[in-house]
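Enquirer: Dropping a structure here in structure tokens format, bear with me for questions.
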Amino acid sequence: MDDLRIRDVTEADLPSALVIRTRSFGPLGPGGQAWWDRVAKEVIPGRMLAVVDEHDTVLATGRARPYEQVWGGRHLRMGGIAGVYTEPSARGQGVATLLMRGLVERMAQLGDVVSCLFPTAPDLYRSVGYEVGGVHTRYSYAAHDVRAARSRSGGLRPRPAVPGDAELICSLIRGHQERDALSGPMLPTVETWRQHLEDEELINYVLDDGAGRRGFVSYSLAEEVLTVEELVAESAEATAALWAVVGSGSSAAPTVRSYLDPRNPGRLVFGGLPDVDVREHGWMLRVIDLPAAMAARGFSAHVTASAQIMLDDPEVPANTATWAISVAAGAGRAWKLSTRPGARPAPVDSAAPGGGASAASGMGRGPVRLGPRGMAALWCGWTMSRLRLAGLATGGDPAADTALDAIFSCTPFMTEYF
Ligand SMILES: CC(C)(COP(=O)(O)OP(=O)(O)OC[C@H]1O[C@@H](n2cnc3c(N)ncnc32)[C@H](O)[C@@H]1OP(=O)(O)O)[C@@H](O)C(=O)NCCC(=O)NCCS
């Protein structure tokens with residue numbers, strides 16, 4: 001273990017990295033090599049790290065992909081952790097843990113303020129400060145129920161999308177994420193959409209009637225299932241028209257699936273409820289740079305609240321401090337009150353209704369005490385009472401809990417798997 005070190009992956013390391021990937025997940029499937037080459041270009045240099053032994057043999061690699069993610073309707077830089085694997089003969093001695101520490105440090109240097117990942121080994125990521133953040137959900141509907149939406153479409157007829165629509169589609173996605181104050185979805189690039197629009201396996205339609213009834217849908221059809229990848233609409237008629245074009249395939253494909261917002265408005269329009277085949281992938285999040293993340297995130301303009309937290313973050317020393325967290329007029333702020341771990345600043349006001357310290361809830365005087373996992377869960381809208389029951393928060397008082405719950409209230413979801 002002592003001879004292990006972390007370094008950047010170079011192009012020369014890619015064949016060894018691919019061997020470890022194959023030993024971890026099996027061979028790349030059809031089209032896999034093109035994907036591998038594209039992702040390598042995106043992350044080298046700087047966003048792909050390796051753990052090597054004393055002979056410079058690569059034992060593990062991992063990537064932090066450069067993404068944008070919406071929180072409260074505003075876009076933040078998010079490092080998307082993926083491709084974490086350890087050579088099988090080197091497993092079980094802390095190699096991946098070392099790699100993850102290196103990736104967290106690198107993301108902080110690069111200015112990513114939060115990081116997300118889809119875990120196969122949650123405890124590995126918990127050990128470096130990630131916690132369960134939100135869901136990526138697949139719902140299935142009877143296609144004839146989706147088709148029935150056409151009665152509300154006002155006669156709108158979407159047209160097939162062309163590669164030149166990539167910018168329109170991206171601006172529709174951005175507008176939807178901001179307007180609806182979403183938390184969790186990622187913002188795709190125009191280039192990504194250009195590629196989607198050239199992908200012959202995707203079926204894409206756009207609505208742009210010049211009367212504000214804009215939108216688009218992207219879906220695929222395979223094995224008698226219509227799978228909606230993305231759908232954005234700017235009016236009730238556009239919502240119905242776009243879903244109806246998907247549902248129009250019901251005679252040949254009886255099922256429509258979607259990976260959209262679990263509360264997407266289509267669900268208020270369809271003739272039926274989703275069937276029981278609901279699948280959910282949990283994803284995890286870590287706050288990488290607390291003050292920058294607070295300043296970048298959007299908050300409800302109707303919330304005015306503040307509380308003190310004492311954060312002890314072993315992987316990101318700059319986060320370790322007692323912080324005053326506040327939100328007013330839709331803007332958030334975190335500023336340092338003290339950097340001494342364990343220091344006790346002025347106690348927060350505990351004169352809340354029904355307040356008072358309670359040993360059972362772990363409350364006491366002084367700020368709420370959190371580690372990075374507690375901070376991550378709080379960021380993702382887990383309430384303080386739940387954090388306390390999971391052992392992820394102590395200290396503080398009822399007034400601080402109420403304030404933190406109001407500040408971070410959200411139900412985050414992702415629509416994309418990476
Ligand atoms: C998961 C993986 C990266 C772990 O690598 P590693 O170098 O053995 O990890 P570490 O020794 O640092 O393990 C740290 C912790 O991770 C968790 N962990 C490791 N392997 C795990 C496994 N197979 N299942 C569940 N948890 C696991 C454990 O909590 C472990 O702590 P412990 O050893 O005290 O129980 C490795 O097993 C691997 O490459 N698996 C196949 C690919 C994969 O699943 N990658 C993760 C993608 S999200």
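Letters for chains follow the order of the structure tokens (A, B, ...), residue numbers begin at 1 for each chain, and ligand numbers begin at 1 in the order shown.
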With only C-alpha atoms as the counted atoms, please give the residues lying no more than 7 Å from A:His136, apart from itself and same-chain residues fewer than 4 positions off, as number ranges by chain.

Expert: A: 259, 280-282, 413-415

Enquirer: Take the residues from that selection and write them out as a PDB file, in the first residue's frame, keeping C-alpha atoms.

Expert:
ATOM      1  CA  TYR A 259     -36.672   8.041 -17.832  1.00  0.00           C
ATOM      2  CA  GLU A 280     -35.162   3.040  -9.959  1.00  0.00           C
ATOM      3  CA  HIS A 281     -31.415   3.593  -9.940  1.00  0.00           C
ATOM      4  CA  GLY A 282     -30.152   5.576  -6.974  1.00  0.00           C
ATOM      5  CA  PHE A 413     -33.854  13.197  -9.991  1.00  0.00           C
ATOM      6  CA  MET A 414     -31.690  12.521 -13.020  1.00  0.00           C
ATOM      7  CA  THR A 415     -32.915  11.672 -16.483  1.00  0.00           C
TER       8      THR A 415
END

Enquirer: Show me, as a ChimeraX atom specification, the residues that have an atom within 9 Å of stretch 112-120 of chain A when counting only C-alpha atoms, minus same-chain residues fewer than 6 positions from it.

Expert: /A:64,66-67,69,76-82,104,106,130,133,281-294,296,417-418

Enquirer: Which residues, written as a VMD selection string, have at least one atom at most 12 Å from A:Asp312, with only C-alpha atoms counted and residues fewer than 2 positions away on the same chain left out?

Expert: chain A and resid 129 290 309 to 310 314 to 323 338 to 343 368 to 375 392 to 393

Enquirer: Between A:Glu224, A:Asp123, A:Asp209, A:Asp313, single out the one closest to ligand 1, counting only C-alpha atoms and all ligand atoms.

Expert: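 So, comparing all the options, the nearest one is A:Asp123.
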
Enquirer: Please, which residues have at least one atom within 6 Å of an atom of ligand 1, using only C-alpha atoms and all ligand atoms, listed as a list in words?

Expert: Ser24, Val84, Tyr85, Thr86, Arg91, Gly92, Gln93, Gly94, Val95, Ala96, Thr97, Phe118, Pro119, Thr120, Ala121, Asp123 and Leu124 of chain A

Enquirer: Check stretch 83-314 of chain A with DSSP on the backbone and list each residue it calls alpha helix (DSSP H), as number ranges by chain.

Expert: A: 95-110, 122-126, 143-147, 166-179, 190-198, 236-247, 290-296
